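These notes concern the structure reproduced below.
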Amino acid sequence: MSDLKGKVAIVTGASKGIGAGIAKKLAAAGAAVAVNYASSREGAERVVADIKVNGGKAIAVKGDVAKAADVRRLFEETRSAFGRVDVLVNNAGIYHFQPLEDITEDEFHLQFNTNVLGTILAAKEAAKHFGPDGGSIINISSVASEQAVPTATVYSATKGAVDTLTRVLAAELGPRKIRVNAIAPGGVETEGTHAAGVIGSDFEKDMVARTALGRLGQPDDIARIAVFLASDAAAWVTGERLTASGGYH
Ligand code: NAP
């Protein structure tokens with residue numbers, strides 16, 4: 001598969017989980033990839049090494065997506081390493097579940113700053129750095145934006161915002177040939193879902209029971225769709241939210 005030969009992609013939060021899977025798959029499809037991370041340098045360097053060993057091109061770039069200066073540097077370092085930017089995957093995200101009575105201002109701002117402000121700041125830089133042929137922005141949403149999951153008030157609201165800003169930016173950036181789409185995964189086995197105690201819990205069992213294909217997703221299930229949305233095969237697709245959940249209802 002070499003759909004992305006000559007293209008340059010930035011994947012935020014790619015040191016582990018879904019982001020790492022997407023970075024590897026974009027690289028396997030021919031893109032040079034900037035593997036962004038917030039704190040896990042080792043994880044990001046493992047992803048870069050894996051890409052290089054398979055003949056691809058990648059760099060690791062530290063940066064907090066919620067900080068404009070970090071996001072600016074992420075794009076500048078990518079452009080100086082690879083000469084251009086064509087694809088942005090806004091994957092960096094956090095999910096903390098708490099009942100209404102435990103929600104605090106700090107918790108609200110932490111999740112909104114990472115999941116929503118981070119997505120907007122990176123899209124803003126992408127629009128600056130993409131060339132005259134435009135580019136593709138892929139926002140990682142969640143089935144949580146449409147499903148009513150108790151204790152997911154703040155997280156679900158962040159992903160509802162991601163869905164909305166995806167449609168707005170698609171309309172705003174369409175005249176510049178920039179496509180903006182979202183992927184909404186169902187439950188995916190990642191370092192994050194392990195750390196959050198989802199894997200092995202009754203919540204996981206319930207998710208699997210409600211999933212037509214009878215299992216949790218893996219990062220690769222989502223990464224394949226990111227390659228499609230990044231590629232010219234999706235040249236006529238923008239402003240869409242693609243659910244990738246194995247049929248979770
Ligand atoms: P994960 O395993 O916890 O990995 C999260 C990644 O995001 C890490 O690389 C982390 O970097 C990075 N990150 C966190 N805060 C950041 C920040 N401020 N700036 C830059 N990077 C940051 O998560 P995941 O399960 O793969 O989830 C990835 C995305 O998919 C999230 O947007 C999540 O909401 C969405 N999603 C996940 C699932 C699921 O079931 N897993 C389902 C639907 C949607 P460090 O490790 O360096 O801190």
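Identifiers in the structure tokens: chain A, B, ... in order shown; residue index from 1 per chain; ligand index from 1 in order shown.
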_Test item: residues lying within 8 Å of ligand 1 with only C-alpha atoms and all ligand atoms, as a PyMOL selection string_ = chain A and resi 12-20+36-41+43-44+62-67+90-95+113-115+118+140-144+155+159+184-193+195+217+219
Keeping only N, CA and C atoms, write the selected residues to a file as a short mmCIF file (atom, residue, chain, number, x, y, z; two decimals), in the first residue's frame.
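Result saved to out.cif:
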```
data_model
loop_
_atom_site.label_atom_id
_atom_site.label_comp_id
_atom_site.auth_asym_id
_atom_site.auth_seq_id
_atom_site.Cartn_x
_atom_site.Cartn_y
_atom_site.Cartn_z
N THR A 12 -0.86 13.65 16.45
CA THR A 12 -0.69 14.08 17.84
C THR A 12 -0.99 12.89 18.77
N GLY A 13 -0.28 12.87 19.90
CA GLY A 13 -0.48 11.78 20.86
C GLY A 13 -0.20 10.42 20.25
N ALA A 14 0.98 10.30 19.63
CA ALA A 14 1.28 9.07 18.89
C ALA A 14 2.31 8.20 19.59
N SER A 15 2.56 8.45 20.88
CA SER A 15 3.54 7.64 21.60
C SER A 15 2.96 6.30 22.02
N LYS A 16 1.65 6.17 21.95
CA LYS A 16 1.01 4.91 22.35
C LYS A 16 -0.39 4.82 21.75
N GLY A 17 -1.05 3.71 22.00
CA GLY A 17 -2.47 3.57 21.67
C GLY A 17 -2.82 3.79 20.21
N ILE A 18 -3.99 4.39 20.00
CA ILE A 18 -4.52 4.59 18.65
C ILE A 18 -3.57 5.46 17.82
N GLY A 19 -3.00 6.50 18.44
CA GLY A 19 -2.10 7.41 17.72
C GLY A 19 -0.88 6.68 17.20
N ALA A 20 -0.31 5.79 18.01
CA ALA A 20 0.86 5.02 17.57
C ALA A 20 0.47 4.13 16.40
N ASN A 36 4.06 12.91 17.54
CA ASN A 36 4.00 13.85 18.67
C ASN A 36 3.71 13.08 19.97
N TYR A 37 4.27 13.59 21.07
CA TYR A 37 3.97 13.01 22.39
C TYR A 37 4.01 14.13 23.41
N ALA A 38 3.38 13.88 24.58
CA ALA A 38 3.40 14.88 25.65
C ALA A 38 4.49 14.56 26.67
N SER A 39 4.56 13.31 27.10
CA SER A 39 5.52 12.95 28.15
C SER A 39 6.27 11.65 27.86
N SER A 40 5.72 10.77 27.04
CA SER A 40 6.33 9.44 26.85
C SER A 40 7.35 9.45 25.71
N ARG A 41 8.54 10.03 26.00
CA ARG A 41 9.58 10.07 24.96
C ARG A 41 9.93 8.66 24.48
N GLY A 43 8.15 5.93 24.45
CA GLY A 43 7.08 5.38 23.60
C GLY A 43 7.18 5.96 22.20
N ALA A 44 7.36 7.27 22.11
CA ALA A 44 7.44 7.93 20.79
C ALA A 44 8.66 7.42 20.03
N LYS A 62 8.20 16.38 20.89
CA LYS A 62 7.48 16.60 22.14
C LYS A 62 6.63 17.86 22.03
N GLY A 63 5.48 17.86 22.65
CA GLY A 63 4.67 19.08 22.64
C GLY A 63 3.29 18.82 23.21
N ASP A 64 2.84 19.77 24.03
CA ASP A 64 1.49 19.70 24.61
C ASP A 64 0.53 20.37 23.64
N VAL A 65 -0.43 19.62 23.12
CA VAL A 65 -1.34 20.19 22.11
C VAL A 65 -2.17 21.35 22.65
N ALA A 66 -2.28 21.45 23.97
CA ALA A 66 -3.09 22.52 24.56
C ALA A 66 -2.30 23.83 24.66
N LYS A 67 -1.03 23.82 24.24
CA LYS A 67 -0.20 25.04 24.30
C LYS A 67 0.15 25.49 22.89
N ASN A 90 -5.57 14.65 14.56
CA ASN A 90 -5.78 15.16 15.92
C ASN A 90 -6.27 14.00 16.79
N ASN A 91 -5.29 13.27 17.32
CA ASN A 91 -5.61 12.07 18.11
C ASN A 91 -5.40 12.29 19.61
N ALA A 92 -4.47 13.19 20.00
CA ALA A 92 -4.16 13.37 21.42
C ALA A 92 -5.45 13.62 22.19
N GLY A 93 -5.66 12.84 23.22
CA GLY A 93 -6.90 13.03 23.98
C GLY A 93 -6.83 12.31 25.30
N ILE A 94 -7.63 12.80 26.24
CA ILE A 94 -7.71 12.11 27.53
C ILE A 94 -9.18 11.87 27.88
N TYR A 95 -9.39 10.77 28.56
CA TYR A 95 -10.75 10.44 29.00
C TYR A 95 -10.74 10.08 30.47
N ASN A 113 -9.23 21.37 27.30
CA ASN A 113 -8.00 21.95 26.73
C ASN A 113 -7.29 20.95 25.83
N THR A 114 -7.23 19.69 26.24
CA THR A 114 -6.53 18.70 25.44
C THR A 114 -7.38 18.30 24.22
N ASN A 115 -8.62 17.92 24.45
CA ASN A 115 -9.42 17.30 23.39
C ASN A 115 -9.99 18.32 22.40
N GLY A 118 -6.81 21.71 21.91
CA GLY A 118 -5.67 21.10 21.20
C GLY A 118 -6.01 20.83 19.74
N ILE A 140 -9.98 12.64 15.90
CA ILE A 140 -10.45 11.42 16.55
C ILE A 140 -11.52 11.79 17.57
N SER A 141 -12.74 11.44 17.23
CA SER A 141 -13.89 11.65 18.11
C SER A 141 -14.09 10.39 18.94
N SER A 142 -15.33 10.02 19.21
CA SER A 142 -15.64 8.80 19.96
C SER A 142 -17.13 8.51 19.82
N VAL A 143 -17.49 7.23 19.93
CA VAL A 143 -18.93 6.94 19.99
C VAL A 143 -19.57 7.63 21.18
N ALA A 144 -18.73 8.00 22.17
CA ALA A 144 -19.26 8.65 23.38
C ALA A 144 -19.95 9.98 23.08
N TYR A 155 -16.12 14.17 29.18
CA TYR A 155 -15.47 13.55 28.02
C TYR A 155 -16.41 13.56 26.81
N LYS A 159 -16.06 15.41 22.97
CA LYS A 159 -16.14 14.74 21.66
C LYS A 159 -17.33 15.26 20.85
N ALA A 184 -14.99 8.17 14.68
CA ALA A 184 -15.53 7.94 16.03
C ALA A 184 -15.36 6.46 16.39
N PRO A 185 -14.27 6.14 17.11
CA PRO A 185 -14.08 4.73 17.49
C PRO A 185 -15.03 4.33 18.61
N GLY A 186 -15.36 3.03 18.62
CA GLY A 186 -15.95 2.45 19.83
C GLY A 186 -14.81 2.09 20.76
N GLY A 187 -15.03 1.18 21.69
CA GLY A 187 -13.96 0.81 22.63
C GLY A 187 -12.77 0.20 21.91
N VAL A 188 -11.57 0.69 22.23
CA VAL A 188 -10.34 0.19 21.61
C VAL A 188 -9.36 -0.18 22.73
N GLU A 189 -8.72 -1.33 22.60
CA GLU A 189 -7.73 -1.73 23.61
C GLU A 189 -6.45 -0.94 23.40
N THR A 190 -6.11 -0.09 24.35
CA THR A 190 -4.90 0.75 24.27
C THR A 190 -4.27 0.82 25.67
N GLU A 191 -3.08 1.42 25.72
CA GLU A 191 -2.46 1.67 27.03
C GLU A 191 -3.43 2.50 27.89
N GLY A 192 -4.11 3.44 27.24
CA GLY A 192 -5.03 4.32 27.97
C GLY A 192 -6.22 3.58 28.56
N THR A 193 -6.82 2.67 27.79
CA THR A 193 -7.98 1.95 28.34
C THR A 193 -7.53 0.91 29.38
N ALA A 195 -4.93 1.57 31.46
CA ALA A 195 -4.65 2.40 32.64
C ALA A 195 -5.94 2.87 33.31
N GLY A 217 -12.14 -3.05 19.74
CA GLY A 217 -11.29 -2.67 18.62
C GLY A 217 -9.82 -2.72 19.00
N PRO A 219 -5.97 -0.73 17.77
CA PRO A 219 -5.53 0.49 17.08
C PRO A 219 -5.51 0.36 15.56
#
```
*Find the residues around Ala234 in chain A up to 12 Å (only C-alpha atoms counted), leave out those fewer than 3 positions away in its own chain, and share them as number ranges by chain.*
A: 3-4, 135-138, 178-181, 225-231, 237-240
Given the selection you just returned, output its residues as a file containing N, CA, C and O atoms, formatted as an mmCIF file, in the first residue's frame.
```
data_model
loop_
_atom_site.group_PDB
_atom_site.id
_atom_site.type_symbol
_atom_site.label_atom_id
_atom_site.label_comp_id
_atom_site.auth_asym_id
_atom_site.auth_seq_id
_atom_site.Cartn_x
_atom_site.Cartn_y
_atom_site.Cartn_z
ATOM 1 N N ASP A 3 -0.392 4.605 -0.933
ATOM 2 C CA ASP A 3 -1.297 5.723 -1.220
ATOM 3 C C ASP A 3 -0.740 7.078 -0.824
ATOM 4 O O ASP A 3 -1.181 8.084 -1.330
ATOM 5 N N LEU A 4 0.164 7.105 0.161
ATOM 6 C CA LEU A 4 0.578 8.377 0.760
ATOM 7 C C LEU A 4 2.029 8.730 0.443
ATOM 8 O O LEU A 4 2.624 9.566 1.127
ATOM 9 N N GLY A 135 -5.056 19.720 1.993
ATOM 10 C CA GLY A 135 -4.598 18.644 2.869
ATOM 11 C C GLY A 135 -5.779 17.991 3.550
ATOM 12 O O GLY A 135 -6.939 18.272 3.224
ATOM 13 N N SER A 136 -5.454 17.112 4.498
ATOM 14 C CA SER A 136 -6.504 16.355 5.184
ATOM 15 C C SER A 136 -6.299 16.454 6.696
ATOM 16 O O SER A 136 -5.210 16.180 7.199
ATOM 17 N N ILE A 137 -7.359 16.874 7.394
ATOM 18 C CA ILE A 137 -7.340 16.891 8.862
ATOM 19 C C ILE A 137 -8.301 15.796 9.332
ATOM 20 O O ILE A 137 -9.450 15.725 8.867
ATOM 21 N N ILE A 138 -7.815 14.940 10.216
ATOM 22 C CA ILE A 138 -8.626 13.834 10.730
ATOM 23 C C ILE A 138 -8.698 13.972 12.247
ATOM 24 O O ILE A 138 -7.671 13.923 12.934
ATOM 25 N N ILE A 178 -8.910 21.914 1.791
ATOM 26 C CA ILE A 178 -8.573 21.199 3.025
ATOM 27 C C ILE A 178 -9.810 20.417 3.462
ATOM 28 O O ILE A 178 -10.875 21.002 3.672
ATOM 29 N N ARG A 179 -9.661 19.102 3.539
ATOM 30 C CA ARG A 179 -10.765 18.251 3.988
ATOM 31 C C ARG A 179 -10.642 18.021 5.494
ATOM 32 O O ARG A 179 -9.532 17.894 6.026
ATOM 33 N N VAL A 180 -11.784 18.002 6.180
ATOM 34 C CA VAL A 180 -11.774 17.797 7.630
ATOM 35 C C VAL A 180 -12.824 16.736 7.963
ATOM 36 O O VAL A 180 -14.013 16.919 7.678
ATOM 37 N N ASN A 181 -12.384 15.624 8.511
ATOM 38 C CA ASN A 181 -13.296 14.527 8.858
ATOM 39 C C ASN A 181 -12.984 14.030 10.267
ATOM 40 O O ASN A 181 -11.920 14.312 10.818
ATOM 41 N N ILE A 225 -8.611 3.288 8.680
ATOM 42 C CA ILE A 225 -9.572 4.317 8.244
ATOM 43 C C ILE A 225 -8.872 5.672 8.127
ATOM 44 O O ILE A 225 -9.170 6.464 7.232
ATOM 45 N N ALA A 226 -7.921 5.915 9.029
ATOM 46 C CA ALA A 226 -7.147 7.161 8.936
ATOM 47 C C ALA A 226 -6.370 7.218 7.627
ATOM 48 O O ALA A 226 -6.292 8.265 6.982
ATOM 49 N N VAL A 227 -5.809 6.073 7.208
ATOM 50 C CA VAL A 227 -5.071 6.041 5.927
ATOM 51 C C VAL A 227 -6.019 6.386 4.787
ATOM 52 O O VAL A 227 -5.700 7.200 3.909
ATOM 53 N N PHE A 228 -7.211 5.818 4.818
ATOM 54 C CA PHE A 228 -8.209 6.117 3.771
ATOM 55 C C PHE A 228 -8.529 7.616 3.755
ATOM 56 O O PHE A 228 -8.470 8.266 2.697
ATOM 57 N N LEU A 229 -8.846 8.181 4.918
ATOM 58 C CA LEU A 229 -9.245 9.598 4.960
ATOM 59 C C LEU A 229 -8.091 10.532 4.588
ATOM 60 O O LEU A 229 -8.309 11.633 4.083
ATOM 61 N N ALA A 230 -6.855 10.085 4.848
ATOM 62 C CA ALA A 230 -5.691 10.907 4.488
ATOM 63 C C ALA A 230 -5.411 10.861 2.996
ATOM 64 O O ALA A 230 -4.796 11.770 2.445
ATOM 65 N N SER A 231 -5.870 9.805 2.347
ATOM 66 C CA SER A 231 -5.450 9.550 0.955
ATOM 67 C C SER A 231 -6.397 10.188 -0.063
ATOM 68 O O SER A 231 -7.512 10.614 0.272
ATOM 69 N N VAL A 237 -14.567 13.333 0.209
ATOM 70 C CA VAL A 237 -15.178 13.132 1.530
ATOM 71 C C VAL A 237 -14.712 14.234 2.470
ATOM 72 O O VAL A 237 -13.525 14.343 2.766
ATOM 73 N N THR A 238 -15.636 15.073 2.917
ATOM 74 C CA THR A 238 -15.263 16.068 3.938
ATOM 75 C C THR A 238 -16.467 16.422 4.794
ATOM 76 O O THR A 238 -17.612 16.300 4.372
ATOM 77 N N GLY A 239 -16.179 16.803 6.047
ATOM 78 C CA GLY A 239 -17.240 17.170 6.989
ATOM 79 C C GLY A 239 -17.973 15.963 7.555
ATOM 80 O O GLY A 239 -19.027 16.093 8.160
ATOM 81 N N GLU A 240 -17.387 14.771 7.382
ATOM 82 C CA GLU A 240 -18.072 13.545 7.812
ATOM 83 C C GLU A 240 -17.509 13.011 9.128
ATOM 84 O O GLU A 240 -16.347 13.228 9.462
#
```
Give me the range 55-132 of chain A side of the contact with range 166-170 of chain A, cut-off 12 Å, one line per residue showing its nearest atom pair and distance in Å at one decimal, counting only C-alpha atoms, sorted by chain and residue number, as a Markdown table.
```
| residue | atom | partner | partner_atom | distance |
| --- | --- | --- | --- | --- |
| A:Asn90 | CA | A:Thr166 | CA | 10.8 |
| A:Val116 | CA | A:Thr166 | CA | 10.7 |
| A:Thr119 | CA | A:Thr166 | CA | 9.6 |
| A:Ile120 | CA | A:Leu169 | CA | 9.3 |
| A:Ala123 | CA | A:Leu169 | CA | 8.6 |
| A:Lys124 | CA | A:Leu169 | CA | 9.8 |
| A:Ala126 | CA | A:Leu169 | CA | 11.7 |
| A:Ala127 | CA | A:Leu169 | CA | 10.1 |
```
Those residues with C-alpha atoms, as an mmCIF file, in the first residue's frame please?
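Final output, selection34.cif:
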```
data_model
loop_
_atom_site.group_PDB
_atom_site.id
_atom_site.type_symbol
_atom_site.label_atom_id
_atom_site.label_comp_id
_atom_site.auth_asym_id
_atom_site.auth_seq_id
_atom_site.Cartn_x
_atom_site.Cartn_y
_atom_site.Cartn_z
ATOM 1 C CA ASN A 90 -5.783 15.156 15.919
ATOM 2 C CA VAL A 116 -10.966 20.507 22.011
ATOM 3 C CA THR A 119 -7.638 20.058 18.121
ATOM 4 C CA ILE A 120 -8.381 23.682 17.210
ATOM 5 C CA ALA A 123 -5.988 22.641 12.854
ATOM 6 C CA LYS A 124 -5.040 26.335 12.853
ATOM 7 C CA ALA A 126 -2.246 22.861 9.664
ATOM 8 C CA ALA A 127 -4.222 25.431 7.692
#
```
*Go through A:Ala29, A:Ala9, A:Leu117, A:Val154 one by one, measure the shortest atom-to-atom distance of each to Val85 in chain A using only C-alpha atoms, and give the residue with the smallest value.*
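Ranked by minimum distance to Val85 in chain A, first place goes to A:Ala9.
Nearest residue to Ala81 in chain A among A:Leu213, A:Ile51, A:Val8, A:Ala171 is A:Val8, counting only C-alpha atoms.
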*asked:* Please extract the residues of range 27-136 of chain A with a backbone DSSP assignment of strand (DSSP E) and present them as a PyMOL selection string.
replied: chain A and resi 32-37+58-62+87-90+135-136
_Can you pull out the residues contacting His129 in chain A? Cut-off 9 Å, using only C-alpha atoms, and skip same-chain residues under 5 positions away; I want them as a list in words._
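My reading of the contact set: Phe75, Glu76, Arg79, Arg84, Val85, Asp86 and Lys124 of chain A.
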*For Val71 in chain A, which residue among A:Ala34, A:Ala49, A:Leu216, A:Leu121 is the nearest when counting only C-alpha atoms?*
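For Val71 in chain A, the nearest of the given residues is A:Leu121.
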*Pick out each residue of range 154-231 of chain A that DSSP on the backbone tags as helix (DSSP H, G or I); I need them as number ranges by chain.*
A: 154-176, 191-195, 202-209, 219-230
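You can rank A:Ala244, A:Leu74, A:Ile10, A:Leu165 by their closest distance to Thr211 in chain A using only C-alpha atoms, and at the top of that list sits A:Ala244.
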*asked:* Let me make sure I understand: among A:Lys7, A:Arg224, A:Lys128, A:Arg46, which one has the smallest atom-to-atom distance to Ile22 in chain A if we use only C-alpha atoms?
replied: A:Arg224
*Which value, in Å to one decimal, gives the distance between CA of Thr153 in chain A and CA of Ala196 in chain A?*
16.1 Å
*Have a look at CA of Lys5 in chain A and CA of Ile222 in chain A and let me know their distance in Å, one decimal.*
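These atoms are spaced 20.1 Å apart.
Going from CA of Asn139 in chain A over to CA of Asn54 in chain A, you cover 26.2 Å.
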